$ cat data38.csv   # CSV, C-alpha atoms
chain,number,residue,atom,x,y,z
O,1,MET,CA,47.4,-90.6,100.8
O,2,GLU,CA,49.2,-93.9,101.7
O,3,GLN,CA,53.0,-94.0,101.8
O,4,THR,CA,54.5,-96.9,100.0
O,5,GLU,CA,58.1,-96.5,101.3
O,6,PHE,CA,59.9,-95.6,104.4
O,7,PRO,CA,60.7,-91.9,104.8
O,8,ASN,CA,64.1,-90.1,104.8
O,9,MET,CA,64.5,-89.6,108.6
O,10,CYS,CA,66.7,-86.6,108.0
O,11,ASP,CA,63.5,-84.8,107.2
O,12,TYR,CA,62.3,-85.3,110.8
O,13,LEU,CA,65.2,-86.0,113.1
O,14,SER,CA,68.1,-83.6,113.5
O,15,PRO,CA,71.2,-84.5,115.6
O,16,VAL,CA,70.6,-84.4,119.3
O,17,GLU,CA,72.3,-85.9,122.3
O,18,GLY,CA,70.6,-87.0,125.5
O,19,ARG,CA,71.8,-88.7,128.7
O,20,ASP,CA,72.0,-92.2,127.4
O,21,PHE,CA,71.3,-91.9,123.7
O,22,LYS,CA,72.0,-89.7,120.7
O,23,ILE,CA,70.8,-89.2,117.2
O,24,THR,CA,73.5,-88.5,114.6
O,25,HIS,CA,73.7,-87.9,110.9
O,26,LYS,CA,76.3,-89.8,108.9
O,27,LEU,CA,77.4,-89.1,105.3
O,28,LEU,CA,78.0,-92.3,103.4
O,29,THR,CA,80.4,-91.8,100.5
O,30,LYS,CA,80.6,-94.0,97.4
O,31,GLY,CA,84.0,-95.1,98.4
O,32,GLU,CA,82.9,-96.0,101.9
O,33,ILE,CA,80.0,-98.1,100.6
O,34,ALA,CA,82.3,-99.9,98.1
O,35,PHE,CA,84.6,-100.8,101.0
O,36,HIS,CA,81.9,-102.1,103.2
O,37,THR,CA,80.3,-104.0,100.2
O,38,LEU,CA,83.6,-105.7,99.6
O,39,CYS,CA,83.8,-106.7,103.3
O,40,ASP,CA,80.2,-108.1,103.0
O,41,ASN,CA,81.2,-110.2,100.0
O,42,ILE,CA,84.1,-111.7,101.8
O,43,LYS,CA,81.9,-112.5,104.8
O,44,ARG,CA,79.0,-113.6,102.6
O,45,ARG,CA,76.6,-110.9,103.9
O,46,ARG,CA,74.3,-108.4,102.3
O,47,GLU,CA,74.4,-105.6,104.9
O,48,HIS,CA,75.2,-102.8,102.4
O,49,MET,CA,73.4,-104.2,99.4
O,50,GLY,CA,71.6,-101.4,97.5
O,51,GLN,CA,72.9,-98.6,99.7
O,52,GLU,CA,73.2,-95.3,97.9
O,53,PRO,CA,75.6,-92.5,98.9
O,54,GLY,CA,74.0,-89.9,101.1
O,55,THR,CA,73.2,-89.0,104.7
O,56,ILE,CA,71.6,-91.5,107.0
O,57,VAL,CA,70.3,-91.0,110.5
O,58,GLN,CA,71.6,-93.2,113.3
O,59,LEU,CA,70.5,-93.9,116.8
O,60,ARG,CA,73.4,-94.7,119.2
O,61,ASP,CA,73.7,-95.3,122.9
O,62,LYS,CA,76.2,-93.5,125.1
O,63,HIS,CA,78.8,-96.1,124.3
O,64,GLY,CA,78.5,-95.5,120.6
O,65,THR,CA,76.7,-98.7,119.8
O,66,LEU,CA,74.5,-98.4,116.7
O,67,MET,CA,71.0,-99.3,117.6
O,68,MET,CA,69.2,-98.4,114.4
O,69,SER,CA,69.6,-96.3,111.3
O,70,ASP,CA,67.5,-95.6,108.2
O,71,SER,CA,70.0,-97.3,105.9
O,72,GLU,CA,68.9,-99.4,103.0
O,73,MET,CA,69.5,-102.6,105.0
O,74,GLU,CA,67.0,-101.4,107.7
O,75,ARG,CA,64.5,-100.5,105.0
O,76,ARG,CA,64.9,-103.8,103.2
O,77,THR,CA,64.6,-105.9,106.4
O,78,ASN,CA,61.5,-104.1,107.7
O,79,ARG,CA,59.5,-104.1,104.4
O,80,ASP,CA,57.5,-107.2,105.5
O,81,LEU,CA,56.0,-105.1,108.3
O,82,LEU,CA,55.0,-102.4,105.9
O,83,TRP,CA,53.4,-104.8,103.5
O,84,LYS,CA,51.6,-107.0,106.0
O,85,ALA,CA,50.5,-104.5,108.7
O,86,ASN,CA,46.8,-104.4,109.1
O,87,GLY,CA,44.1,-103.9,111.8
O,88,ASP,CA,45.5,-103.4,115.3
O,89,VAL,CA,49.3,-103.4,115.3
O,90,LEU,CA,51.7,-104.1,118.2
O,91,ILE,CA,55.4,-103.2,117.6
O,92,ALA,CA,58.1,-103.9,120.2
O,93,GLY,CA,61.0,-101.4,119.8
O,94,LEU,CA,60.6,-97.8,118.6
O,95,GLY,CA,64.1,-97.2,117.1
O,96,LEU,CA,64.0,-94.1,114.9
O,97,GLY,CA,60.2,-94.5,114.4
O,98,MET,CA,60.9,-95.1,110.7
O,99,VAL,CA,58.3,-97.8,110.3
O,100,LEU,CA,55.5,-95.8,111.9
O,101,LEU,CA,54.9,-93.1,109.2
O,102,PRO,CA,54.1,-95.5,106.3
O,103,VAL,CA,52.3,-98.0,108.6
O,104,GLN,CA,50.0,-95.4,110.1
O,105,ALA,CA,49.1,-94.2,106.6
O,106,LYS,CA,47.7,-97.5,105.6
O,107,GLN,CA,43.9,-97.4,105.5
O,108,GLU,CA,43.7,-101.0,106.8
O,109,VAL,CA,45.6,-100.2,109.9
O,110,ASN,CA,43.4,-99.1,112.9
O,111,THR,CA,45.8,-98.6,115.8
O,112,ILE,CA,49.6,-99.0,116.4
O,113,THR,CA,50.8,-99.7,119.9
O,114,VAL,CA,54.6,-99.3,120.3
O,115,VAL,CA,56.3,-100.8,123.4
O,116,GLU,CA,59.8,-99.2,124.0
O,117,ILE,CA,61.9,-100.0,127.0
O,118,HIS,CA,63.7,-96.6,127.1
O,119,GLN,CA,61.6,-93.6,128.0
O,120,GLU,CA,64.4,-91.3,126.7
O,121,ILE,CA,64.1,-92.8,123.2
O,122,ILE,CA,60.4,-92.1,123.3
O,123,ASP,CA,61.0,-88.6,124.3
O,124,MET,CA,63.6,-88.0,121.7
O,125,ILE,CA,61.7,-89.5,118.8
O,126,VAL,CA,57.9,-89.4,119.2
O,127,PRO,CA,57.4,-85.6,119.6
O,128,ARG,CA,59.4,-84.9,116.4
O,129,LEU,CA,57.4,-87.2,114.1
O,130,PRO,CA,54.1,-86.3,112.4
O,131,LEU,CA,52.2,-89.1,114.1
O,132,ASN,CA,48.5,-89.4,113.8
O,133,GLY,CA,45.9,-90.6,116.4
O,134,LYS,CA,46.5,-94.2,115.6
O,135,VAL,CA,49.9,-94.4,117.4
O,136,THR,CA,50.4,-94.9,121.1
O,137,ALA,CA,53.9,-95.3,122.6
O,138,ILE,CA,54.3,-97.1,125.9
O,139,CYS,CA,57.5,-97.4,128.0
O,140,GLY,CA,57.9,-101.0,128.9
O,141,ASP,CA,60.0,-104.1,128.6
O,142,ILE,CA,58.3,-106.4,126.0
O,143,PHE,CA,59.5,-109.5,128.0
O,144,GLU,CA,57.6,-108.3,131.0
O,145,TRP,CA,54.8,-106.1,129.5
O,146,TYR,CA,51.3,-107.6,129.0
O,147,PRO,CA,48.5,-106.2,126.9
O,148,PRO,CA,45.2,-105.3,128.6
O,149,PRO,CA,43.0,-108.4,129.3
O,150,GLY,CA,41.2,-109.6,126.2
O,151,VAL,CA,43.1,-107.4,123.8
O,152,LYS,CA,44.3,-109.0,120.6
O,153,TYR,CA,46.3,-107.7,117.7
O,154,ASP,CA,46.1,-108.4,114.0
O,155,THR,CA,49.8,-107.7,113.4
O,156,ILE,CA,52.6,-108.3,116.0
O,157,TYR,CA,56.2,-107.4,115.2
O,158,PHE,CA,59.3,-107.5,117.4
O,159,ASP,CA,62.3,-105.2,116.5
O,160,ILE,CA,64.4,-104.9,119.7
O,161,TRP,CA,67.8,-106.2,118.4
O,162,ASN,CA,70.6,-104.3,116.7
O,163,ASP,CA,72.2,-107.2,115.0
O,164,LEU,CA,71.6,-110.8,113.8
O,165,CYS,CA,72.9,-113.0,116.6
O,166,THR,CA,71.9,-116.7,117.1
O,167,ASP,CA,72.1,-116.1,120.9
O,168,ASP,CA,68.8,-114.2,120.6
O,169,TYR,CA,67.0,-117.0,118.8
O,170,GLN,CA,65.4,-118.6,121.9
O,171,ASP,CA,64.3,-115.2,123.2
O,172,ARG,CA,62.6,-114.5,119.9
O,173,LYS,CA,60.8,-117.9,120.0
O,174,ARG,CA,59.7,-117.2,123.5
O,175,LEU,CA,58.2,-113.8,122.5
O,176,HIS,CA,56.5,-115.4,119.5
O,177,ARG,CA,54.9,-118.1,121.6
O,178,ARG,CA,53.7,-115.8,124.4
O,179,PHE,CA,52.3,-113.1,122.1
O,180,GLY,CA,51.0,-115.7,119.6
O,181,ARG,CA,48.1,-116.1,122.2
O,182,ARG,CA,47.3,-112.4,121.5
O,183,LEU,CA,47.2,-112.8,117.7
O,184,ASN,CA,43.7,-112.3,116.2
O,185,ARG,CA,43.6,-115.6,114.4
O,186,SER,CA,40.1,-115.0,113.2
O,187,ASN,CA,41.7,-112.4,110.8
O,188,PRO,CA,43.0,-114.3,107.7
O,189,LYS,CA,45.6,-111.5,107.3
O,190,CYS,CA,47.0,-111.8,110.8
O,191,TRP,CA,50.8,-111.9,111.1
O,192,ILE,CA,53.4,-112.2,113.8
O,193,SER,CA,57.1,-112.0,113.2
O,194,SER,CA,60.4,-110.3,114.3
O,195,TRP,CA,63.2,-108.4,112.5
O,196,ARG,CA,65.1,-110.7,110.1
O,197,TYR,CA,63.5,-113.8,111.7
O,198,GLU,CA,63.7,-116.0,108.7
O,199,GLU,CA,67.4,-115.1,108.2
O,200,LEU,CA,68.1,-115.9,111.8
O,201,LYS,CA,66.4,-119.3,111.5
O,202,ASP,CA,68.6,-120.1,108.5
O,203,LYS,CA,71.7,-119.0,110.4
O,204,VAL,CA,70.8,-121.2,113.4
O,205,ARG,CA,70.2,-124.2,111.1
O,206,ARG,CA,73.6,-123.7,109.4
O,207,GLU,CA,75.4,-123.4,112.7
O,208,ARG,CA,73.7,-126.5,114.0
O,209,SER,CA,74.5,-128.5,110.9
O,210,GLN,CA,78.1,-127.5,111.1
O,211,CYS,CA,78.3,-128.8,114.7
O,212,LEU,CA,77.3,-132.2,113.4
O,213,TYR,CA,80.6,-132.6,111.5

$ encode --input "data38.csv" --output "structure tokens"
Amino acid sequence: MEQTEFPNMCDYLSPVEGRDFKITHKLLTKGEIAFHTLCDNIKRRREHMGQEPGTIVQLRDKHGTLMMSDSEMERRTNRDLLWKANGDVLIAGLGLGMVLLPVQAKQEVNTITVVEIHQEIIDMIVPRLPLNGKVTAICGDIFEWYPPPGVKYDTIYFDIWNDLCTDDYQDRKRLHRRFGRRLNRSNPKCWISSWRYEELKDKVRRERSQCLY
């Protein structure tokens, strides 16, 4: 049966600490969410919109930097992938693997290739998820990795950033151009994008317009 929503990652990923990365559980209280929502309103952001109290799973590096969580923001900003994934899927960035379970359950998805730069993250996440035969995880840098000759994908999605920074815009465009050649354009449902790409484009346009004054 197909999943129509992302899972609660607490069901699969208990806290664990490796050499360079760790998985933690964080309890979000109603008061904490209210405080962060107020900060978002002041900064004109929506990072905590719709977040409910409860425990979320976080992936952090050894310096404590948050790389991904299964918060409502992450769910909301990855739903396009869940809705549009079909055929042979290429995903850059494993994170918590949150997107894999509902995407692999889609009947219209044949294969999922995940390219993740850190082998330790693959080792921490993949064995603990109930993945099916559609999913293959490869350790590699998406900026240097190339698919096998002649292979094309119906869905291509890049999710290797942990925040929305205009400094990353040119890198995203470069990935879109390079892998756009590997998009199966004979498929009318083909799709290529990256995490919060439309938001980032709007942010870049606003910053550029402000520089004109």

$ atom_distance --input "data38.csv" --atom1 "atom CA of Arg45 of chain O" --atom2 "atom CA of Thr65 of chain O"
20.0 Å

$ residues_around --input "data38.csv" --residues "segment 167-175 of chain O" --least-positions-apart "2" --cutoff "10 Å" --atoms "all atoms listed in the file" --output "PyMOL selection string"
chain O and resi 142-143+157-161+163-165+177-180+193-195+197+200-201+203-204

$ residues_near_point --input "data38.csv" --point "(54.2, -93.8, 107.8)" --cutoff "12 Å" --atoms "all atoms listed in the file" --output "tab-separated table (two decimals) with C-alpha atoms, keeping the file's coordinate frame"
chain	number	residue	atom	x	y	z
O	1	MET	CA	47.40	-90.60	100.80
O	2	GLU	CA	49.20	-93.90	101.70
O	3	GLN	CA	53.00	-94.00	101.80
O	4	THR	CA	54.50	-96.90	100.00
O	5	GLU	CA	58.10	-96.50	101.30
O	6	PHE	CA	59.90	-95.60	104.40
O	7	PRO	CA	60.70	-91.90	104.80
O	8	ASN	CA	64.10	-90.10	104.80
O	9	MET	CA	64.50	-89.60	108.60
O	81	LEU	CA	56.00	-105.10	108.30
O	82	LEU	CA	55.00	-102.40	105.90
O	83	TRP	CA	53.40	-104.80	103.50
O	85	ALA	CA	50.50	-104.50	108.70
O	97	GLY	CA	60.20	-94.50	114.40
O	98	MET	CA	60.90	-95.10	110.70
O	99	VAL	CA	58.30	-97.80	110.30
O	100	LEU	CA	55.50	-95.80	111.90
O	101	LEU	CA	54.90	-93.10	109.20
O	102	PRO	CA	54.10	-95.50	106.30
O	103	VAL	CA	52.30	-98.00	108.60
O	104	GLN	CA	50.00	-95.40	110.10
O	105	ALA	CA	49.10	-94.20	106.60
O	106	LYS	CA	47.70	-97.50	105.60
O	107	GLN	CA	43.90	-97.40	105.50
O	109	VAL	CA	45.60	-100.20	109.90
O	112	ILE	CA	49.60	-99.00	116.40
O	129	LEU	CA	57.40	-87.20	114.10
O	130	PRO	CA	54.10	-86.30	112.40
O	131	LEU	CA	52.20	-89.10	114.10
O	132	ASN	CA	48.50	-89.40	113.80
O	134	LYS	CA	46.50	-94.20	115.60
O	135	VAL	CA	49.90	-94.40	117.40

$ residues_around --input "data38.csv" --residues "Leu28 of chain O" --least-positions-apart "2" --cutoff "7 Å" --atoms "only C-alpha atoms" --output "ChimeraX atom specification"
/O:26,30,32-33,53-55

$ closest_residue --input "data38.csv" --among "O:Arg75, O:His118, O:Arg128, O:Arg181" --to "Tyr146 of chain O" --atoms "only C-alpha atoms"
O:Arg181

$ atom_distance --input "data38.csv" --atom1 "atom CA of Thr29 of chain O" --atom2 "atom CA of Leu94 of chain O"
27.5 Å

$ atom_distance --input "data38.csv" --atom1 "atom CA of Gln210 of chain O" --atom2 "atom CA of Arg44 of chain O"
16.3 Å

$ residues_near_point --input "data38.csv" --point "(64.1, -90.8, 125.1)" --cutoff "12 Å" --atoms "only C-alpha atoms" --output "PyMOL selection string"
chain O and resi 16-23+59-61+94-97+116-128+137-139

$ closest_residue --input "data38.csv" --among "O:Cys190, O:Ile156, O:Met49, O:Cys39" --to "Glu74 of chain O" --atoms "all atoms listed in the file"
O:Met49

$ closest_residue --input "data38.csv" --among "O:Val151, O:Ala92, O:Met67, O:Met73" --to "Glu47 of chain O" --atoms "all atoms listed in the file"
O:Met73

$ decode --input "data38.csv" --residues "segment 120-146 of chain O" --atoms "C-alpha atoms" --output "short mmCIF file (atom, residue, chain, number, x, y, z; two decimals), in the first residue's frame"
data_model
loop_
_atom_site.label_atom_id
_atom_site.label_comp_id
_atom_site.auth_asym_id
_atom_site.auth_seq_id
_atom_site.Cartn_x
_atom_site.Cartn_y
_atom_site.Cartn_z
CA GLU O 120 29.18 7.13 7.62
CA ILE O 121 25.70 8.59 7.05
CA ILE O 122 24.85 5.72 4.70
CA ASP O 123 26.02 3.22 7.32
CA MET O 124 24.02 4.94 10.08
CA ILE O 125 20.77 5.28 8.14
CA VAL O 126 20.29 2.70 5.40
CA PRO O 127 20.52 -0.55 7.44
CA ARG O 128 17.91 0.76 9.90
CA LEU O 129 15.21 1.59 7.34
CA PRO O 130 12.79 -0.93 5.79
CA LEU O 131 13.95 -0.23 2.25
CA ASN O 132 12.86 -2.38 -0.63
CA GLY O 133 14.75 -3.53 -3.70
CA LYS O 134 14.14 -0.26 -5.52
CA VAL O 135 16.70 1.68 -3.45
CA THR O 136 20.45 1.82 -4.09
CA ALA O 137 22.70 4.08 -1.99
CA ILE O 138 26.03 5.18 -3.48
CA CYS O 139 28.80 7.04 -1.69
CA GLY O 140 29.88 9.91 -3.90
CA ASP O 141 30.08 13.66 -4.36
CA ILE O 142 27.22 14.71 -6.64
CA PHE O 143 29.42 17.46 -8.10
CA GLU O 144 31.89 14.81 -9.29
CA TRP O 145 29.71 11.72 -9.66
CA TYR O 146 28.46 10.65 -13.08
#
